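A.B. asks: So that we are looking at the same thing, I have put the structure below in structure tokens.
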Amino acid sequence: MSVKIEWKIFTAETQSNGIWKSNSPNLAELLNAIASPLKIKEPTPDLEYSMAQLAVKGLPYFKITEISSGNARESWSEIGPIRA
């Protein structure tokens with residue numbers, strides 16, 4: 001699964017290895033500090049989605065814009081409500 005967040009010109013995406021990639025190295029570094037797998041306190045069925053939720057909670061201007069699973073895109077209703 002991959003989850004993308006964005007705000008204005010900044011985008012970031014979770015990777016399966018638990019690291020964020022971004023069009024801004026500084027944003028990737030910040031996200032890896034505030035929304036890494038180590039920051040997830042509860043058990044979760046989807047680590048990348050939980051990372052994205054934590055990121056938008058810490059960076060309120062950002063929003064989740066895309067959720068994809070392998071080659072098929074998940075629908076929002078299958079993932080559940082997005083909390084920001």
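Every chain in the structure tokens has a letter given in the order shown (A, B, ...), and although residue numbers restart at 1 in each chain, ligands are simply numbered from 1 in the order shown.
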Contacts of range 41-52 of chain A at 8 Å or less, counting only C-alpha atoms, minus same-chain residues fewer than 2 places along, as a count of residues only?
C.D. replies: 18
A.B. asks: Of the candidates A:Leu59, A:Lys8, A:Ser68, A:Asn17, which shows the shortest atom-to-atom distance to Leu30 in chain A, using only C-alpha atoms?
C.D. replies: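 Counting only C-alpha atoms, the residue closest to Leu30 in chain A is A:Leu59.
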A.B. asks: Taking into account only C-alpha atoms, which residue in the set A:Thr11, A:Ile40, A:Ser69, A:Phe62 is nearest to Asn26 in chain A?
C.D. replies: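 Closest candidate: A:Thr11.
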A.B. asks: Would you please give, as a ChimeraX atom specification, all residues of chain A that DSSP assigns to strand (DSSP E) based on the backbone?
C.D. replies: /A:2-7,10-14,20-22,63-69,72-73
A.B. asks: Go ahead and write the residues just picked, C-alpha atoms, as a PDB file, in the first residue's frame.
C.D. replies:
```
ATOM      1  CA  SER A   2       1.044   3.554  -0.573  1.00  0.00           C
ATOM      2  CA  VAL A   3      -0.543   6.677   0.858  1.00  0.00           C
ATOM      3  CA  LYS A   4       0.116  10.142  -0.554  1.00  0.00           C
ATOM      4  CA  ILE A   5      -0.332  13.425   1.293  1.00  0.00           C
ATOM      5  CA  GLU A   6       0.027  16.907  -0.140  1.00  0.00           C
ATOM      6  CA  TRP A   7      -0.298  20.622   0.495  1.00  0.00           C
ATOM      7  CA  PHE A  10       4.597  19.706  -1.354  1.00  0.00           C
ATOM      8  CA  THR A  11       3.858  16.007  -1.690  1.00  0.00           C
ATOM      9  CA  ALA A  12       4.994  13.029   0.303  1.00  0.00           C
ATOM     10  CA  GLU A  13       4.287   9.335   0.064  1.00  0.00           C
ATOM     11  CA  THR A  14       4.694   6.415   2.418  1.00  0.00           C
ATOM     12  CA  TRP A  20       8.618   8.701   3.668  1.00  0.00           C
ATOM     13  CA  LYS A  21       9.678   9.991   0.257  1.00  0.00           C
ATOM     14  CA  SER A  22       8.913  13.550  -0.834  1.00  0.00           C
ATOM     15  CA  LYS A  63      -4.387  16.088   3.534  1.00  0.00           C
ATOM     16  CA  ILE A  64      -4.444  12.512   2.327  1.00  0.00           C
ATOM     17  CA  THR A  65      -4.976  12.635  -1.422  1.00  0.00           C
ATOM     18  CA  GLU A  66      -4.374   9.105  -2.651  1.00  0.00           C
ATOM     19  CA  ILE A  67      -4.469   5.589  -1.276  1.00  0.00           C
ATOM     20  CA  SER A  68      -3.287   2.788  -3.496  1.00  0.00           C
ATOM     21  CA  SER A  69      -2.810  -0.898  -2.912  1.00  0.00           C
ATOM     22  CA  ALA A  72      -5.574  -1.448  -7.682  1.00  0.00           C
ATOM     23  CA  ARG A  73      -6.662   1.718  -5.936  1.00  0.00           C
TER      24      ARG A  73
END
```
A.B. asks: Enumerate as a list in words all residues of chain A assigned to alpha helix (DSSP H) by DSSP on the backbone, naming them with the chain letters and numbers the document uses.
C.D. replies: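 Selection result, alpha helix (DSSP H) within chain A: Pro25, Asn26, Leu27, Ala28, Glu29, Leu30, Leu31, Asn32, Ala33, Ile34, Leu47, Glu48, Tyr49, Ser50, Met51, Ala52, Gln53, Leu54, Ala55, Val56, Lys57, Gly58, Trp76, Ser77, Glu78 and Ile79 of chain A.
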